[in-house]
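Peer 1: First the structure, which I've put down as structure tokens, then a few questions once you've had a look.
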Amino acid sequence: MLFKNILFASSGTAGSDNAAKLAFGLAEKQQAELTLYHCCGVPSRGFTTNVTDTRSGSLEQPDEAYQEMVREELNTAYAYQIEACTRPFRMELSVGMPSTEILRYARQIKPDLIVMGASSAASDPNAARMRSIVGNTVRAVAKKAPCPVLIVNRPCTTCWHLFSNIVFCTDFSEAANHAFRFALNTARQLNAKLYITHAVDITSIQGMTMDQSEIERHTEQMREKIDKLYLSKLDGFANAEVIVREGIPYVEILKVARENEADLIVMAHHSSDLSDDDADIGSTVEQVVLRSACPVASVTRPEAR
């Protein structure tokens, strides 16, 4: 199986509802163990032992009674998924900074995949898209996660039968090479179609605006680069197609995903060749996450399977 151990990091708000459906669904289809993990978050500033309640926003003492109440709320929020779940399932709570505790727990249980909603704090599941930013907890976890992070912002209408059309997006960075290995392995194991995609940014290359002949020449160069870097490494996998577009990268990526009914987009967490610990989530990745109709897998580490 592709995923044997899935960590669903829930914010406890409606912003995680779509991620919950996908996490439970993946665990069922992949016959994987699933952990529902929630961190009762302490304020990011000041010194206090209280936590911020995700629903009311008030400060609460995280004693045994409060944590039991949180467990009951999570059981109620995900009652349908829990009732239908036939796989090993556990719920874990902690107290602290959510991103720190999620990463700490991930290092402990070594999941194959972390599933999160794009907005970790807002009560409105569309809040991340409306604010045009990905939640800070998701940013921090995606940056340092030891495995791919599947970010879910909208209901996935095409992936309930697992993933059959995978769009891998590359800018040819080292981080993109890590993402390619994950995308190829996923497509191979699930017998899915893999679209290897690059979007030529026509607004500027090396600070210069391109005319049409330059765009066509650059596009051909990118196809040759894909052939060298990726097609040569398919190792017998035949269900792959190369797509090179020109335009604003995140717009073209979303177009490719829609046109090919993608149920998973795979991207490197960051586009520049900075170290994994220094680079923040790329702007193109963020815009794709906020607007995509399907989940987006952010891959940071070379050990991503």
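Chain identifiers are assigned as A, B, and so on, following the order in which chains appear in the structure tokens; residues are numbered from 1 within each chain, and ligands are numbered from 1 in order of appearance.
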Write out as a list in words which residues come within 8 Å of stretch 234-238 of chain A when counting only C-alpha atoms, dropping same-chain ones fewer than 2 positions away.

Peer 2: Leu184, Arg188, Tyr230, Leu231, Ser232 and Ala240 of chain A

Peer 1: Keeping only C-alpha atoms, take the residues you just selected and write them out as a CSV table (one decimal), in the first residue's frame.

Peer 2:
```csv
chain,number,residue,atom,x,y,z
A,184,LEU,CA,5.8,9.1,-9.8
A,188,ARG,CA,2.8,4.0,-10.3
A,230,TYR,CA,11.9,13.3,-15.7
A,231,LEU,CA,11.0,11.1,-18.7
A,232,SER,CA,14.4,9.4,-18.5
A,240,ALA,CA,2.7,9.9,-18.3
```

Peer 1: Compile the contact shell of stretch 140-150 of chain A as a list in words: residues with an atom at most 6 Å away, counting only C-alpha atoms, same-chain residues fewer than 5 positions apart removed.

Peer 2: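 With the cut-off at 6 Å, the set is Ser99, Asp112, Leu113, Ile114, Val115, Val296, Ala297, Ser298, Val299 and Ala304 of chain A.
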
Peer 1: Residues of stretch 1-238 of chain A in strand (DSSP E or B) according to DSSP, as number ranges by chain?

Peer 2: A: 5-9, 33-41, 51-52, 59-60, 89-96, 113-117, 149-152, 160, 162, 165-169, 193-201, 205, 208

Peer 1: Using the selection just defined, write its residues with C-alpha atoms as a PDB file, in the first residue's frame.

Peer 2:
```
ATOM      1  CA  ASN A   5       0.247   5.486   8.459  1.00  0.00           C
ATOM      2  CA  ILE A   6      -1.737   8.723   8.020  1.00  0.00           C
ATOM      3  CA  LEU A   7      -1.718  11.671  10.410  1.00  0.00           C
ATOM      4  CA  PHE A   8      -4.751  13.958  10.194  1.00  0.00           C
ATOM      5  CA  ALA A   9      -3.899  17.192  12.011  1.00  0.00           C
ATOM      6  CA  GLU A  33      -3.674   3.379  10.347  1.00  0.00           C
ATOM      7  CA  LEU A  34      -5.108   6.817  11.053  1.00  0.00           C
ATOM      8  CA  THR A  35      -4.398   9.252  13.847  1.00  0.00           C
ATOM      9  CA  LEU A  36      -6.662  12.245  14.457  1.00  0.00           C
ATOM     10  CA  TYR A  37      -4.386  14.738  16.184  1.00  0.00           C
ATOM     11  CA  HIS A  38      -5.459  18.009  17.749  1.00  0.00           C
ATOM     12  CA  CYS A  39      -3.325  20.489  19.639  1.00  0.00           C
ATOM     13  CA  CYS A  40      -4.987  22.826  22.116  1.00  0.00           C
ATOM     14  CA  GLY A  41      -2.967  25.876  21.170  1.00  0.00           C
ATOM     15  CA  VAL A  51      -5.064  27.656  25.713  1.00  0.00           C
ATOM     16  CA  THR A  52      -7.144  29.440  23.096  1.00  0.00           C
ATOM     17  CA  LEU A  59      -8.721  31.360  27.045  1.00  0.00           C
ATOM     18  CA  GLU A  60      -9.310  28.079  28.858  1.00  0.00           C
ATOM     19  CA  PHE A  89      -8.000   4.699  14.503  1.00  0.00           C
ATOM     20  CA  ARG A  90      -6.886   6.751  17.462  1.00  0.00           C
ATOM     21  CA  MET A  91      -7.330  10.289  18.709  1.00  0.00           C
ATOM     22  CA  GLU A  92      -4.476  12.184  20.340  1.00  0.00           C
ATOM     23  CA  LEU A  93      -4.560  15.578  22.060  1.00  0.00           C
ATOM     24  CA  SER A  94      -1.726  17.815  23.169  1.00  0.00           C
ATOM     25  CA  VAL A  95      -1.176  21.311  24.555  1.00  0.00           C
ATOM     26  CA  GLY A  96       1.288  23.794  23.095  1.00  0.00           C
ATOM     27  CA  LEU A 113       1.341  11.426   4.939  1.00  0.00           C
ATOM     28  CA  ILE A 114       0.065  14.405   6.934  1.00  0.00           C
ATOM     29  CA  VAL A 115      -3.388  15.721   6.001  1.00  0.00           C
ATOM     30  CA  MET A 116      -4.425  19.263   6.948  1.00  0.00           C
ATOM     31  CA  GLY A 117      -6.973  21.906   6.036  1.00  0.00           C
ATOM     32  CA  VAL A 149       1.686  17.256   3.525  1.00  0.00           C
ATOM     33  CA  LEU A 150      -1.670  16.975   1.774  1.00  0.00           C
ATOM     34  CA  ILE A 151      -3.419  20.351   2.011  1.00  0.00           C
ATOM     35  CA  VAL A 152      -7.169  20.367   1.442  1.00  0.00           C
ATOM     36  CA  TRP A 160     -13.277   9.648  -3.484  1.00  0.00           C
ATOM     37  CA  LEU A 162      -8.511   7.589  -4.603  1.00  0.00           C
ATOM     38  CA  ASN A 165      -5.188  11.836 -12.403  1.00  0.00           C
ATOM     39  CA  ILE A 166      -2.101  13.387 -10.844  1.00  0.00           C
ATOM     40  CA  VAL A 167      -0.629  16.706 -11.938  1.00  0.00           C
ATOM     41  CA  PHE A 168       3.029  17.154 -11.005  1.00  0.00           C
ATOM     42  CA  CYS A 169       4.273  20.728 -11.381  1.00  0.00           C
ATOM     43  CA  LYS A 193      -2.209   9.062 -15.071  1.00  0.00           C
ATOM     44  CA  LEU A 194       0.713  11.404 -14.393  1.00  0.00           C
ATOM     45  CA  TYR A 195       0.815  14.846 -16.015  1.00  0.00           C
ATOM     46  CA  ILE A 196       4.304  16.359 -15.851  1.00  0.00           C
ATOM     47  CA  THR A 197       3.654  20.072 -16.075  1.00  0.00           C
ATOM     48  CA  HIS A 198       5.700  23.231 -16.391  1.00  0.00           C
ATOM     49  CA  ALA A 199       4.348  26.750 -16.822  1.00  0.00           C
ATOM     50  CA  VAL A 200       6.569  29.235 -18.621  1.00  0.00           C
ATOM     51  CA  ASP A 201       6.153  32.610 -16.948  1.00  0.00           C
ATOM     52  CA  ILE A 205      12.488  35.660 -17.760  1.00  0.00           C
ATOM     53  CA  MET A 208      13.186  40.655 -19.826  1.00  0.00           C
TER      54      MET A 208
END
```

Peer 1: Among the residues of stretch 101-246 of chain A, find those DSSP assigns to helix (DSSP H, G or I) from the backbone and print them as a PyMOL selection string.

Peer 2: chain A and resi 101-109+127-131+136-144+174-190+212-229+231-233

Peer 1: I'd like the interatomic distance between atom CA of A:Val285 and atom CA of A:Val138, to a tenth of an Å.

Peer 2: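 For atom CA of A:Val285 relative to atom CA of A:Val138, the distance reads 12.5 Å.
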
Peer 1: Please tabulate, as JSON lines, the residues of stretch 138-201 of chain A that come within 7 Å of stretch 10-23 of chain A, each with its closest pair of atoms and the distance in Å to one decimal, counting only C-alpha atoms and ordering rows by chain, then residue number upward.

Peer 2:
```
{"residue": "A:Val152", "atom": "CA", "partner": "A:Ala19", "partner_atom": "CA", "distance": 5.2}
{"residue": "A:Asn153", "atom": "CA", "partner": "A:Asn18", "partner_atom": "CA", "distance": 7.0}
{"residue": "A:Arg154", "atom": "CA", "partner": "A:Asn18", "partner_atom": "CA", "distance": 6.2}
{"residue": "A:Pro155", "atom": "CA", "partner": "A:Asn18", "partner_atom": "CA", "distance": 5.3}
```

Peer 1: Excluding A:Lys255 and any residue of its chain fewer than 5 positions from it, enumerate the residues within 10 Å of it, using only C-alpha atoms, and give them as an NGL selection string.

Peer 2: :A and (245 or 249-250 or 260-261 or 292)

Peer 1: With only C-alpha atoms as the counted atoms, please give the residues lying no more than 9 Å from A:Asn191, apart from itself and same-chain residues fewer than 2 positions off, as a list of chain:residue names.

Peer 2: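 Using only C-alpha atoms, the neighbours found are A:Phe163, A:Ser164, A:Thr186, A:Ala187, A:Arg188, A:Gln189, A:Lys193, A:Asn239.
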